[in-house]
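Undergrad: Structure in structure tokens, see below.
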Amino acid sequence: MRPPRAEASPGSRVRQPFSGPQRFLLAGSFLITLGSFAVLPYMSVLLHQRLGLGLGTVGFVLAVASLIQFAGGAVAGPVTGRIGLRRAMLLALALRTAGFAAFVPGLTSPALAVGALLLVSAGAALYLPANKAYLVDGAPETARPRLLSASGSAFNAGMALGPPAAAPLVMGSPGVLFSCVTVLFALVGAGHALLPSEAADRGEGTRAATPDRVPDAPRPGPSPFLVTVLSVYAFMFFQHYLALYAVPRTSAAFYGAVLTGYAALLVVAQPLLAERVAALGYPAALRWGFGAMAAGMAAIGVGGHAGIAVGGALLCLGEIVLFLKNDLEALARSASAPASVFGRQRLAAGIGAFASGVVGG
């Protein structure tokens with residue numbers, strides 16, 4: 001007698017291909033992040049060295065921009081509820097395009113450069129929640145993990161490639177760099193204008209087309225908002241302060257290789273693990289995620305090339321599990337529209353990052 005057939009694993013289920021609008025949004029997410037991170041990591045250098053702002057002023061400007069970018073996510077829900085997801089993304093991209101365009105004359109005007117940065121930050125605050133909400137709009141619940149993990153991979157790939165792509169231009173020809181980024185955002189925005197409006201217009205259900213819904217049955221575990229605060233708080237210690245620990249013990253080149261490997265692992269592993277992460281119960285996901293982060297920190301604490309490399313890989317696993325599961329759990333528990341949910345999650349991430357910077361510093 002043959003043994004009974006095991007149940008199909010999450011990864012073996014039949015997968016529906018992404019729709020055309022979803023594929024466009026994923027490609028657009030990569031291009032948008034590529035353009036943003038071709039500029040934003042160098043902003044302190046441009047404001048201080050080129051425009052002559054004092055470091056204290058630069059720090060204040062960047063703090064305000066970060067506050068707008070993260071805390072501003074809380075207004076994404078009301079805005080998208082009033083004007084719709086596609087229009088919210090178009091408004092966000094218009095703000096960011098105008099901001100990057102203003103940097104070109106702003107290279108000789110500190111006031112204009114600061115205003116341009118704040119415009120870019122306001123656009124980012126609105127775009128990400130609307131983008132994620134549009135991705136899951138009308139999609140069945142089983143498709144959310146793949147969609148959100150693919151979105152995360154697209155964003156992380158752009159973040160990894162943006163700074164090295166811009167390095168040859170950022171100091172020598174910043175006007176050319178900002179002009180190229182402006183054109184990129186204008187083209188991506190034009191593509192967004194061709195997207196269908198919402199799920200109701202596409203005939204794909206009403207889950208996200210209506211502003212409110214009945215949440216799923218109560219689930220065990222703490223609030224996803226609070227867990228996101230704690231997750232980002234713990235993760236940002238690695239992000240902010242690893243260089244201070246790793247470079248003296250290894251080298252700057254090895255540290256750069258660790259960051260590159262981390263980004264590559266995140267981009268590749270996130271979609272591969274998405275359905276397995278979704279299948280975990282929330283308490284189990286928290287144990288796996290925070291356990292991987294704790295083990296990663298311990299491995300880094302051992303020091304040396306092997307400890308830092310292994311620690312980085314374990315922290316990457318913790319990020320994949322916690323960040324994706326928190327978003328999925330927040331969606332499942334909330335009666336609000338997805339854009340509001342993702343906006344609150346963005347706010348939680350900002351609180352965690354701010355607390356980590358203050359306590360770690």
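Numbering starts fresh at 1 for the residues of each chain in the structure tokens, the chains themselves are lettered A, B, ... in the order given, and ligands are numbered from 1 as they appear.
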Please list as a list in words every residue within 9 Å of Ile308 of chain A, counting only C-alpha atoms and excluding residues in the same chain fewer than 4 positions away.

TA: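 Counting only C-alpha atoms, the residues come to Ala246, Tyr255, Val258, Gly296, Met297, Ala299, Ile300, Gly301, Val302, Gly303, Gly304, Gly312 and Ala313 of chain A.
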
Undergrad: Let me see the file: selected residues, C-alpha atoms, as a PDB file, in the first residue's frame.

TA:
ATOM      1  CA  ALA A 246      32.661  45.872  11.506  1.00  0.00           C
ATOM      2  CA  TYR A 255      31.827  45.718   5.116  1.00  0.00           C
ATOM      3  CA  VAL A 258      28.490  42.266   3.443  1.00  0.00           C
ATOM      4  CA  GLY A 296      22.467  37.421  14.038  1.00  0.00           C
ATOM      5  CA  MET A 297      23.461  40.026  16.616  1.00  0.00           C
ATOM      6  CA  ALA A 299      27.117  36.102  15.642  1.00  0.00           C
ATOM      7  CA  ILE A 300      28.220  39.658  14.815  1.00  0.00           C
ATOM      8  CA  GLY A 301      29.283  40.056  18.439  1.00  0.00           C
ATOM      9  CA  VAL A 302      31.688  37.147  18.037  1.00  0.00           C
ATOM     10  CA  GLY A 303      33.478  39.294  15.491  1.00  0.00           C
ATOM     11  CA  GLY A 304      35.687  38.379  12.598  1.00  0.00           C
ATOM     12  CA  GLY A 312      24.200  39.611   8.411  1.00  0.00           C
ATOM     13  CA  ALA A 313      22.519  36.607   6.773  1.00  0.00           C
TER      14      ALA A 313
END

Undergrad: Which residues of segment 276-357 of chain A come within 9 Å of segment 80-89 of chain A, and for each one, what is the closest pair of atoms and their distance in Å to one decimal, counting only C-alpha atoms, sorted by chain and residue number, as JSON lines?

TA:
{"residue": "A:Ala337", "atom": "CA", "partner": "A:Gly81", "partner_atom": "CA", "distance": 8.0}
{"residue": "A:Ala339", "atom": "CA", "partner": "A:Thr80", "partner_atom": "CA", "distance": 6.9}
{"residue": "A:Ser340", "atom": "CA", "partner": "A:Thr80", "partner_atom": "CA", "distance": 8.4}

Undergrad: Could the residues in this selection be saved with N, CA, C and O atoms as a PDB file, in the first residue's frame?

TA:
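Wrote part-v6.pdb, looks like this:
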ATOM      1  N   ALA A 337      -9.295  50.462   5.054  1.00  0.00           N
ATOM      2  CA  ALA A 337      -8.825  50.218   3.702  1.00  0.00           C
ATOM      3  C   ALA A 337      -7.320  49.950   3.730  1.00  0.00           C
ATOM      4  O   ALA A 337      -6.599  50.444   4.605  1.00  0.00           O
ATOM      5  N   ALA A 339      -4.763  51.107   2.123  1.00  0.00           N
ATOM      6  CA  ALA A 339      -3.866  52.262   2.135  1.00  0.00           C
ATOM      7  C   ALA A 339      -3.708  52.818   3.544  1.00  0.00           C
ATOM      8  O   ALA A 339      -2.611  53.248   3.935  1.00  0.00           O
ATOM      9  N   SER A 340      -4.783  52.825   4.324  1.00  0.00           N
ATOM     10  CA  SER A 340      -4.688  53.283   5.712  1.00  0.00           C
ATOM     11  C   SER A 340      -3.831  52.341   6.537  1.00  0.00           C
ATOM     12  O   SER A 340      -3.033  52.780   7.378  1.00  0.00           O
TER      13      SER A 340
END

Undergrad: Near Glu319 of chain A, counting only C-alpha atoms, which residues have an atom at most 10 Å away, once you skip same-chain residues fewer than 3 positions from it, shown as an MDAnalysis selection string?

TA: chainID A and resid 231:232 234:235 266 270 289:290 292:293 313:316 322:325

Undergrad: Tell me which of A:Ser19, A:Ser173, A:Thr142, A:Ser356 sits closest to His240 of chain A, counting only C-alpha atoms.

TA: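 Nearest candidate to His240 of chain A out of A:Ser19, A:Ser173, A:Thr142, A:Ser356: A:Ser356.
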
Undergrad: Quick one: DSSP alpha helix (DSSP H) residues in segment 120-194 of chain A, as a CSV table (one decimal) with C-alpha atoms, in the first residue's frame?

TA:
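As a result, states.csv now contains:
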chain,number,residue,atom,x,y,z
A,120,VAL,CA,10.2,64.7,-2.4
A,121,SER,CA,9.6,63.4,1.2
A,122,ALA,CA,5.9,64.4,1.0
A,123,GLY,CA,5.5,62.4,-2.2
A,124,ALA,CA,7.2,59.4,-0.7
A,125,ALA,CA,4.9,59.5,2.3
A,126,LEU,CA,1.9,59.2,0.0
A,127,TYR,CA,3.2,56.9,-2.7
A,128,LEU,CA,4.3,53.8,-0.8
A,129,PRO,CA,1.0,53.1,1.0
A,130,ALA,CA,-1.0,53.8,-2.1
A,131,ASN,CA,1.3,51.6,-4.2
A,132,LYS,CA,1.0,48.6,-1.8
A,133,ALA,CA,-2.7,49.1,-1.5
A,134,TYR,CA,-3.1,49.1,-5.3
A,135,LEU,CA,-1.0,45.9,-5.6
A,136,VAL,CA,-3.4,44.0,-3.2
A,144,ARG,CA,-0.9,39.0,-1.0
A,145,PRO,CA,2.3,37.4,0.3
A,146,ARG,CA,3.8,37.0,-3.2
A,147,LEU,CA,2.7,40.5,-4.2
A,148,LEU,CA,4.0,42.2,-1.1
A,149,SER,CA,7.3,40.2,-1.1
A,150,ALA,CA,7.8,41.0,-4.8
A,151,SER,CA,7.2,44.7,-4.0
A,152,GLY,CA,9.8,44.5,-1.2
A,153,SER,CA,12.3,42.9,-3.5
A,154,ALA,CA,11.8,45.6,-6.2
A,155,PHE,CA,12.2,48.4,-3.7
A,156,ASN,CA,15.3,46.8,-2.1
A,157,ALA,CA,16.9,46.2,-5.5
A,158,GLY,CA,16.5,49.9,-6.3
A,159,MET,CA,17.9,50.9,-3.0
A,160,ALA,CA,21.0,48.7,-3.5
A,161,LEU,CA,21.7,49.8,-7.1
A,162,GLY,CA,20.9,53.6,-6.8
A,163,PRO,CA,23.9,54.8,-4.8
A,164,PRO,CA,26.6,53.1,-7.0
A,165,ALA,CA,24.8,54.2,-10.2
A,166,ALA,CA,24.9,57.8,-9.1
A,167,ALA,CA,28.4,57.9,-7.5
A,168,PRO,CA,30.2,59.2,-10.7
A,169,LEU,CA,27.8,62.1,-11.1
A,170,VAL,CA,26.8,63.2,-7.6
A,174,PRO,CA,24.8,66.9,-9.8
A,175,GLY,CA,22.7,68.9,-12.2
A,176,VAL,CA,22.9,66.1,-14.8
A,177,LEU,CA,22.0,63.6,-12.1
A,178,PHE,CA,18.9,65.5,-10.9
A,179,SER,CA,17.8,66.1,-14.5
A,180,CYS,CA,18.0,62.3,-15.2
A,181,VAL,CA,16.1,61.5,-12.1
A,182,THR,CA,13.4,64.0,-12.9
A,183,VAL,CA,12.9,62.6,-16.4
A,184,LEU,CA,12.8,59.1,-14.9
A,185,PHE,CA,10.0,60.1,-12.5
A,186,ALA,CA,8.1,61.9,-15.2
A,187,LEU,CA,8.1,58.8,-17.4
A,188,VAL,CA,7.1,56.5,-14.6
A,189,GLY,CA,4.3,58.9,-13.6
A,190,ALA,CA,3.1,58.9,-17.2
A,191,GLY,CA,2.9,55.2,-17.1
A,192,HIS,CA,0.8,55.3,-13.9

Undergrad: Distance atom CA of Leu280 of chain A-atom CA of Pro140 of chain A, one decimal place?

TA: 18.0 Å

Undergrad: Just checking: using only C-alpha atoms, which residue out of A:Gly281, A:Leu118, A:Leu331, A:Leu317 ends up closest to Ile68 of chain A?

TA: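 With only C-alpha atoms as the atom set, the closest residue is A:Leu118.
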
Undergrad: Which one of A:Ala279, A:Ala284, A:Leu259, A:Ala98 sits closest to Leu242 of chain A if you count only C-alpha atoms?

TA: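 Once distances to Leu242 of chain A are computed over only C-alpha atoms, the minimum belongs to A:Leu259.
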